[in-house]
$ cat query06.cif   # mmCIF, C-alpha atoms
data_work
loop_
_atom_site.label_atom_id
_atom_site.label_comp_id
_atom_site.auth_asym_id
_atom_site.auth_seq_id
_atom_site.Cartn_x
_atom_site.Cartn_y
_atom_site.Cartn_z
CA MET N 1 -19.29 44.60 11.61
CA ILE N 2 -19.30 45.69 7.98
CA ASP N 3 -17.64 42.48 6.81
CA GLU N 4 -20.07 40.36 8.81
CA LEU N 5 -23.00 42.08 7.08
CA GLY N 6 -21.51 41.40 3.65
CA LEU N 7 -20.70 45.04 2.79
CA THR N 8 -17.48 46.63 1.60
CA GLY N 9 -16.16 49.77 3.27
CA LEU N 10 -17.18 51.84 0.25
CA GLN N 11 -20.72 50.45 0.28
CA TRP N 12 -21.02 51.27 3.97
CA GLU N 13 -19.85 54.85 3.33
CA LEU N 14 -22.35 55.11 0.47
CA TYR N 15 -25.16 53.90 2.75
CA ARG N 16 -24.14 56.45 5.38
CA ALA N 17 -24.07 59.23 2.75
CA LEU N 18 -27.59 58.35 1.60
CA LEU N 19 -28.82 58.32 5.18
CA TRP N 20 -27.20 61.64 6.05
CA ASN N 21 -28.30 63.39 2.86
CA PRO N 22 -30.80 61.38 0.78
CA ARG N 23 -31.14 64.31 -1.70
CA THR N 24 -27.48 64.19 -2.82
CA GLU N 25 -26.95 64.03 -6.57
CA PRO N 26 -25.17 60.94 -7.99
CA ARG N 27 -22.24 63.02 -9.27
CA GLU N 28 -21.81 64.54 -5.81
CA LEU N 29 -21.87 61.09 -4.23
CA ALA N 30 -19.30 59.85 -6.74
CA ALA N 31 -17.03 62.82 -6.11
CA ALA N 32 -17.34 62.51 -2.32
CA LEU N 33 -16.52 58.81 -2.43
CA ASP N 34 -13.86 59.26 -5.15
CA VAL N 35 -15.40 56.68 -7.50
CA ASP N 36 -16.73 56.80 -11.03
CA THR N 37 -20.44 56.72 -11.74
CA ALA N 38 -20.34 53.10 -12.98
CA SER N 39 -18.90 51.90 -9.66
CA LEU N 40 -21.38 54.03 -7.79
CA GLU N 41 -24.25 52.44 -9.70
CA ALA N 42 -22.98 48.94 -8.88
CA ASP N 43 -22.69 49.75 -5.18
CA LEU N 44 -26.21 51.24 -5.12
CA ARG N 45 -27.52 48.00 -6.65
CA ARG N 46 -25.67 46.05 -3.95
CA LEU N 47 -27.35 48.13 -1.21
CA GLU N 48 -30.70 47.42 -2.81
CA LEU N 49 -29.92 43.72 -2.99
CA VAL N 50 -29.14 43.45 0.75
CA GLY N 51 -32.18 45.51 1.71
CA LEU N 52 -30.50 48.77 2.74
CA ALA N 53 -31.90 50.82 -0.15
CA VAL N 54 -35.03 50.80 -2.30
CA GLY N 55 -35.66 52.25 -5.73
CA SER N 56 -37.23 55.69 -5.72
CA THR N 57 -38.30 57.94 -8.59
CA SER N 58 -38.27 60.98 -6.33
CA SER N 59 -34.67 60.65 -5.14
CA PRO N 60 -31.91 62.28 -7.24
CA SER N 61 -29.84 59.09 -6.86
CA ARG N 62 -32.94 56.99 -7.78
CA PHE N 63 -32.49 55.13 -4.48
CA ARG N 64 -33.81 55.84 -1.03
CA PRO N 65 -31.99 54.50 2.03
CA VAL N 66 -33.83 52.16 4.38
CA TYR N 67 -33.51 53.32 7.97
CA PRO N 68 -30.98 51.35 10.10
CA GLN N 69 -33.64 50.30 12.63
CA VAL N 70 -35.30 48.38 9.80
CA GLY N 71 -32.65 47.63 7.18
CA LEU N 72 -29.72 46.74 9.44
CA GLN N 73 -31.87 44.79 11.88
CA ARG N 74 -33.42 42.81 9.06
CA LEU N 75 -29.97 42.11 7.58
CA LEU N 76 -28.73 41.05 11.00
CA HIS N 77 -31.64 38.67 11.44
CA GLN N 78 -30.97 37.17 8.02
CA LYS N 79 -27.38 36.55 9.02
CA LEU N 80 -28.49 35.00 12.31
CA ASP N 81 -30.88 32.73 10.44
CA GLN N 82 -28.08 31.72 8.11
CA HIS N 83 -25.84 30.97 11.05
CA ASP N 84 -28.60 28.93 12.64
CA GLU N 85 -29.05 26.96 9.44
CA GLU N 86 -25.30 26.52 9.08
CA GLY N 87 -25.14 25.49 12.72
CA HIS N 88 -27.89 22.93 12.12
CA GLN N 89 -26.08 21.61 9.06
CA LEU N 90 -22.81 21.45 10.98
CA ARG N 91 -24.51 19.59 13.82
CA GLU N 92 -25.94 17.11 11.30
CA LEU N 93 -22.53 16.79 9.69
CA SER N 94 -20.97 16.21 13.10
CA ALA N 95 -23.45 13.41 13.77
CA GLU N 96 -22.70 11.85 10.36
CA ILE N 97 -18.95 12.05 11.04
CA ALA N 98 -19.42 10.39 14.42
CA GLU N 99 -21.55 7.65 12.84
CA PHE N 100 -18.95 7.14 10.10
CA GLY N 101 -16.20 6.98 12.73
CA ASP N 102 -18.12 4.29 14.62
CA GLU N 103 -18.68 2.36 11.38
CA PHE N 104 -14.97 2.53 10.55
CA ALA N 105 -13.97 1.47 14.06
CA ALA N 106 -16.22 -1.59 13.79
CA HIS N 107 -14.80 -2.39 10.36
CA ARG N 108 -11.26 -1.96 11.66
CA ARG N 109 -11.90 -4.39 14.49
CA GLU N 110 -13.21 -6.98 12.03
CA TYR N 111 -10.30 -6.27 9.67
CA GLU N 112 -7.69 -6.69 12.39
CA VAL N 113 -9.22 -10.03 13.24
CA SER N 114 -9.08 -11.04 9.57
CA LEU N 115 -5.34 -10.35 9.56
CA LEU N 116 -4.81 -13.26 11.95
CA ASN N 117 -7.14 -16.21 11.34
CA GLU N 118 -7.03 -19.54 13.11
CA VAL N 119 -7.78 -22.58 10.96
CA THR N 120 -8.19 -26.00 12.57
CA ASP N 121 -9.95 -28.03 9.90
CA PRO N 122 -7.35 -29.96 7.82
CA GLY N 123 -9.36 -29.64 4.61
CA GLU N 124 -9.79 -25.90 5.01
CA MET N 125 -6.10 -25.55 5.87
CA ALA N 126 -5.02 -27.43 2.75
CA SER N 127 -7.35 -25.33 0.62
CA ARG N 128 -5.98 -22.07 2.10
CA VAL N 129 -2.36 -23.11 1.57
CA ASN N 130 -3.07 -24.18 -2.03
CA GLU N 131 -4.70 -20.82 -2.67
CA LEU N 132 -1.70 -18.93 -1.31
CA VAL N 133 0.71 -21.08 -3.31
CA ARG N 134 -1.32 -20.49 -6.48
CA ASP N 135 -1.31 -16.72 -5.95
CA SER N 136 2.41 -16.46 -5.19
CA THR N 137 4.49 -14.71 -7.84
CA SER N 138 7.95 -14.04 -6.36
CA GLU N 139 9.15 -16.15 -3.42
CA ILE N 140 8.01 -18.81 -0.97
CA LEU N 141 9.97 -19.32 2.26
CA SER N 142 9.43 -22.26 4.58
CA PHE N 143 10.50 -23.95 7.79
CA VAL N 144 9.79 -27.69 7.41
CA THR N 145 9.63 -29.52 10.73
CA ASN N 146 7.56 -32.57 9.79
CA THR N 147 8.51 -35.80 8.04
CA PHE N 148 6.96 -37.14 4.82
CA SER N 149 6.00 -40.50 3.43
CA GLU N 150 7.25 -41.56 0.01
CA ALA N 151 3.73 -41.18 -1.36
CA SER N 152 3.41 -37.61 -0.06
CA LEU N 153 6.83 -36.72 -1.50
CA THR N 154 5.79 -38.04 -4.90
CA HIS N 155 2.64 -35.96 -4.75
CA ALA N 156 4.60 -32.89 -3.61
CA ARG N 157 6.84 -33.01 -6.69
CA VAL N 158 3.91 -32.14 -8.94
CA GLY N 159 3.02 -28.98 -7.04
CA ASP N 160 6.66 -27.96 -6.53
CA GLN N 161 7.37 -28.38 -10.23
CA GLU N 162 4.43 -26.13 -11.13
CA VAL N 163 5.59 -23.41 -8.71
CA LEU N 164 9.19 -23.47 -9.92
CA ASP N 165 8.09 -23.51 -13.56
CA ARG N 166 6.27 -20.22 -12.87
CA GLY N 167 9.59 -18.68 -11.83
CA VAL N 168 8.71 -18.47 -8.13
CA ARG N 169 11.86 -18.61 -6.00
CA ALA N 170 11.63 -21.25 -3.27
CA ARG N 171 13.84 -21.39 -0.17
CA SER N 172 13.28 -24.07 2.47
CA ILE N 173 15.01 -25.08 5.68
CA TYR N 174 14.56 -28.69 6.83
CA LEU N 175 15.68 -30.38 10.02
CA ASP N 176 19.05 -32.13 9.84
CA ALA N 177 17.39 -35.37 10.94
CA ALA N 178 14.95 -35.24 8.02
CA VAL N 179 17.72 -34.63 5.48
CA GLU N 180 19.39 -37.87 6.57
CA GLU N 181 16.33 -39.93 5.55
CA GLY N 182 16.76 -41.56 2.14
CA PRO N 183 13.47 -40.62 0.42
CA THR N 184 13.51 -37.08 1.83
CA ARG N 185 17.15 -36.58 0.87
CA ASP N 186 16.46 -37.73 -2.70
CA TYR N 187 13.46 -35.43 -2.91
CA LEU N 188 15.46 -32.42 -1.67
CA HIS N 189 18.25 -33.05 -4.17
CA TRP N 190 15.59 -33.18 -6.86
CA LEU N 191 14.25 -29.84 -5.61
CA GLU N 192 17.71 -28.30 -5.91
CA SER N 193 18.07 -29.67 -9.43
CA GLN N 194 14.86 -27.82 -10.35
CA GLY N 195 16.19 -24.51 -9.05
CA ALA N 196 14.93 -24.48 -5.46
CA PHE N 197 17.20 -23.58 -2.54
CA VAL N 198 17.39 -26.06 0.34
CA ARG N 199 19.28 -25.87 3.63
CA SER N 200 19.07 -27.71 6.93
CA ALA N 201 19.36 -26.78 10.58
CA PRO N 202 19.59 -28.81 13.81
CA SER N 203 16.37 -27.22 15.09
CA LEU N 204 13.58 -24.95 13.90
CA PRO N 205 11.14 -22.91 15.99
CA VAL N 206 7.92 -23.75 14.14
CA ARG N 207 6.42 -25.10 10.90
CA MET N 208 5.95 -22.03 8.72
CA ILE N 209 5.41 -20.97 5.11
CA ILE N 210 5.69 -17.34 3.94
CA PHE N 211 4.21 -16.26 0.60
CA ASP N 212 5.65 -13.23 -1.25
CA GLY N 213 6.37 -11.51 2.07
CA ALA N 214 2.65 -10.77 2.30
CA ALA N 215 1.07 -13.76 4.06
CA ALA N 216 2.22 -16.60 6.25
CA VAL N 217 0.88 -19.87 7.57
CA VAL N 218 2.25 -20.79 11.01
CA SER N 219 1.50 -23.97 12.96
CA ARG N 220 -0.41 -23.48 16.21
CA ARG N 221 1.94 -25.93 17.92
CA ALA N 222 5.64 -25.38 17.43
CA LEU N 223 6.64 -28.63 15.72
CA ASP N 224 3.29 -30.27 15.04
CA PRO N 225 1.39 -28.96 11.99
CA GLY N 226 -1.42 -31.41 12.63
CA HIS N 227 -3.15 -29.21 15.20
CA GLY N 228 -4.18 -26.36 12.95
CA ALA N 229 -2.43 -23.16 11.99
CA LEU N 230 -2.65 -19.38 11.99
CA VAL N 231 -3.00 -17.56 8.68
CA VAL N 232 -1.16 -14.27 9.15
CA GLN N 233 -1.69 -11.32 6.82
CA SER N 234 -0.64 -8.46 9.07
CA GLN N 235 2.19 -6.63 7.33
CA GLY N 236 4.15 -6.08 10.54
CA LEU N 237 3.84 -9.68 11.71
CA VAL N 238 4.76 -11.11 8.31
CA ALA N 239 7.82 -8.83 8.16
CA ALA N 240 8.90 -10.15 11.56
CA LEU N 241 8.48 -13.75 10.36
CA VAL N 242 10.56 -13.00 7.25
CA SER N 243 13.31 -11.63 9.50
CA LEU N 244 13.13 -14.80 11.59
CA PHE N 245 13.49 -16.93 8.46
CA GLU N 246 16.46 -14.91 7.18
CA ALA N 247 18.21 -15.26 10.55
CA TYR N 248 17.89 -19.05 10.41
CA TRP N 249 18.77 -19.13 6.71
CA GLY N 250 22.05 -17.34 7.37
CA HIS N 251 23.16 -20.05 9.80
CA ALA N 252 21.61 -23.08 8.05
CA ARG N 253 23.79 -25.61 6.22
CA PRO N 254 23.45 -25.92 2.42
CA LEU N 255 22.15 -29.32 1.39
CA SER N 256 25.09 -29.92 -0.93
CA GLY N 257 27.70 -28.69 1.54
CA ALA N 258 29.79 -25.71 0.57
CA GLY N 259 29.16 -26.31 -3.13
CA PRO N 260 31.54 -25.28 -5.91
CA GLY N 261 33.72 -22.36 -4.91
CA PRO N 262 33.74 -19.03 -6.73
CA GLY N 263 36.94 -20.03 -8.51
CA VAL N 264 35.16 -22.76 -10.46
CA ARG N 265 34.75 -21.88 -14.13
CA LEU N 266 31.29 -21.00 -15.35
CA SER N 267 29.54 -22.84 -18.13
CA ALA N 268 29.14 -20.96 -21.39
CA VAL N 269 25.42 -20.44 -20.68
CA GLU N 270 26.08 -19.15 -17.16
CA HIS N 271 28.72 -16.74 -18.50
CA ASP N 272 26.35 -15.43 -21.18
CA ILE N 273 23.55 -15.00 -18.62
CA LEU N 274 25.82 -13.09 -16.24
CA THR N 275 27.10 -10.89 -19.06
CA LEU N 276 23.58 -9.88 -20.10
CA LEU N 277 22.58 -9.49 -16.45
CA ALA N 278 25.44 -7.02 -15.99
CA GLN N 279 24.03 -5.05 -18.93
CA GLY N 280 20.81 -4.58 -16.98
CA MET N 281 18.67 -7.00 -18.97
CA LYS N 282 15.66 -8.68 -17.36
CA ASP N 283 15.13 -12.44 -17.20
CA ASP N 284 12.72 -12.55 -20.15
CA ALA N 285 15.02 -10.42 -22.31
CA ILE N 286 18.01 -12.64 -21.45
CA ALA N 287 15.98 -15.74 -22.33
CA HIS N 288 14.95 -14.21 -25.66
CA ARG N 289 18.51 -13.19 -26.54
CA LEU N 290 19.98 -16.61 -25.69
CA GLU N 291 17.00 -18.54 -27.08
CA LEU N 292 16.38 -20.16 -23.69
CA SER N 293 13.25 -20.52 -21.63
CA VAL N 294 12.71 -18.00 -18.85
CA ARG N 295 12.60 -20.93 -16.44
CA THR N 296 16.09 -22.05 -17.52
CA VAL N 297 17.46 -18.54 -17.03
CA ARG N 298 15.92 -18.20 -13.60
CA ARG N 299 17.15 -21.63 -12.54
CA ALA N 300 20.70 -20.72 -13.58
CA LEU N 301 20.49 -17.40 -11.75
CA ASN N 302 19.14 -19.07 -8.62
CA GLN N 303 22.05 -21.49 -8.63
CA LEU N 304 24.47 -18.57 -9.04
CA TYR N 305 22.75 -16.75 -6.17
CA GLU N 306 23.22 -19.79 -3.99
CA ARG N 307 26.80 -20.42 -5.10
CA THR N 308 27.89 -16.86 -4.36
CA GLY N 309 25.64 -16.25 -1.36
CA SER N 310 24.11 -13.25 -3.13
CA GLY N 311 20.77 -11.80 -2.17
CA SER N 312 20.17 -9.52 -5.16
CA ARG N 313 21.03 -9.09 -8.83
CA PHE N 314 23.32 -6.19 -7.97
CA GLU N 315 25.23 -8.22 -5.38
CA LEU N 316 25.54 -11.12 -7.80
CA GLY N 317 27.02 -8.79 -10.42
CA VAL N 318 29.53 -7.36 -7.94
CA LYS N 319 30.65 -10.81 -6.78
CA ALA N 320 30.82 -12.16 -10.33
CA THR N 321 33.24 -9.34 -11.17
CA ARG N 322 35.26 -9.98 -8.00
CA PHE N 323 35.53 -13.69 -8.83
CA GLY N 324 36.75 -12.91 -12.35
CA TRP N 325 33.65 -14.33 -14.02
CA LEU N 326 33.06 -11.15 -16.02
#
$ encode --input "query06.cif" --output "structure tokens"
Amino acid sequence: MIDELGLTGLQWELYRALLWNPRTEPRELAAALDVDTASLEADLRRLELVGLAVGSTSSPSRFRPVYPQVGLQRLLHQKLDQHDEEGHQLRELSAEIAEFGDEFAAHRREYEVSLLNEVTDPGEMASRVNELVRDSTSEILSFVTNTFSEASLTHARVGDQEVLDRGVRARSIYLDAAVEEGPTRDYLHWLESQGAFVRSAPSLPVRMIIFDGAAAVVSRRALDPGHGALVVQSQGLVAALVSLFEAYWGHARPLSGAGPGPGVRLSAVEHDILTLLAQGMKDDAIAHRLELSVRTVRRALNQLYERTGSGSRFELGVKATRFGWL
């Protein structure tokens, strides 16, 4: 009870002492409560503050106790009023929390929808893909199931060149049938010469492009990109699509066949790049040291990745050592 009323045990004993003997001298009160006079004075002021004592010129202690029927009841009512006010505030807070929860739930529903958008208009689709390509900074993965005209391939070279010049790694899997077509085959060999990675497979599940492992564009119909697409930005779904791509990539056939084996000697530039890579230097630092462009360094590294089947800088370093290149 004492704690609920905001009193310490000593203050309660002091209040009781004043009630039992209001004529007690301050020094007697201090001795009985085993406190010094300064502490006693502070506790008397506290009793006055909570309404259990009032100043009195006739009392030896200069304070007169307020009777419990008045003082304690009044203090109790104050506490009850505080609890009522706190209860009212808590009820208002509860209503605000509920309203905020409803607002968030509505937002979440809209957000979940935004993570998987269907686009059917060809112009809007082209604009969305161009935006995602422009914003990509690390890697673009793609399943290519459609065929291209010579004019479209010529136009594609401009955009592909810009992406590769920015140092974005590009890996694409085409259908075997498409690779056998003259214009497409020439275009894909050109892509490889610019540092892109190209493989082919007898079949692919769907037309798909994945941007930086963060967004994907997937055709609504498995092999026909002309009927609209889904723009996927859900982290879990994109991760699943990346896994699908990597599974196909592991079994796809390199465009240039097996390529030069690990025993083939490196060029002087490739050897220098690998040496600096093994020292932990980044692409831009390697380029600066060798007086090359960053694009040239990245193209050489991409070709070494492909030649060794490496998926990381660390793995490339390990294999380069194993092959006797370092």
$ atom_distance --input "query06.cif" --atom1 "CA of Leu241 (chain N)" --atom2 "CA of Phe211 (chain N)"
10.9 Å
$ resolve_selection --input "query06.cif" --expression "the PyMOL selection byres ((chain N and resi 205) around 12)" --output "PyMOL selection string"
chain N and resi 142-145+173-175+201-204+206-208+218-224+241+244-245+247-248
$ resolve_selection --input "query06.cif" --expression "the PyMOL selection byres ((chain N and resi 134) around 10)" --output "list in words"
Arg128, Val129, Asn130, Glu131, Leu132, Val133, Asp135, Ser136, Thr137, Gly159, Glu162, Val163, Arg166 and Phe211 of chain N
$ closest_atom_pairs --input "query06.cif" --of "region 179-199 of chain N" --to "region 287-295 of chain N" --cutoff "12 Å" --atoms "all atoms listed in the file" --output "tab-separated table"
residue	atom	partner	partner_atom	distance
N:Gln194	CA	N:Arg295	CA	9.5
N:Gly195	CA	N:Arg295	CA	9.0
N:Ala196	CA	N:Arg295	CA	11.8
$ resolve_selection --input "query06.cif" --expression "the PyMOL selection byres ((chain N and resi 270-274) around 10)" --output "count of residues only"
30
$ closest_residue --input "query06.cif" --among "N:Leu33, N:Val198, N:Met125, N:Val66" --to "Gly9 (chain N)" --atoms "all atoms listed in the file"
N:Leu33
$ residues_around --input "query06.cif" --residues "Ser200 (chain N)" --least-positions-apart "4" --cutoff "9 Å" --atoms "only C-alpha atoms" --output "ChimeraX atom specification"
/N:172-179,249,252-255
$ atom_distance --input "query06.cif" --atom1 "CA of His155 (chain N)" --atom2 "CA of His251 (chain N)"
29.8 Å
$ atom_distance --input "query06.cif" --atom1 "CA of Gly51 (chain N)" --atom2 "CA of Thr8 (chain N)"
14.7 Å
$ residues_around --input "query06.cif" --residues "Gly182 (chain N)" --least-positions-apart "3" --cutoff "12 Å" --atoms "all atoms listed in the file" --output "PyMOL selection string"
chain N and resi 147-150+153+177-179+185-189
$ closest_residue --input "query06.cif" --among "N:Ala95, N:Leu47, N:Val238, N:Leu191" --to "Arg157 (chain N)" --atoms "all atoms listed in the file"
N:Leu191
$ closest_residue --input "query06.cif" --among "N:Ala98, N:Ala126, N:Leu116, N:Val168" --to "Leu237 (chain N)" --atoms "all atoms listed in the file"
N:Leu116
$ closest_residue --input "query06.cif" --among "N:Leu141, N:Leu5, N:Leu10, N:Leu44" --to "Pro26 (chain N)" --atoms "all atoms listed in the file"
N:Leu44
$ closest_residue --input "query06.cif" --among "N:Glu246, N:Glu48, N:Asp102, N:Glu13" --to "Asp34 (chain N)" --atoms "only C-alpha atoms"
N:Glu13
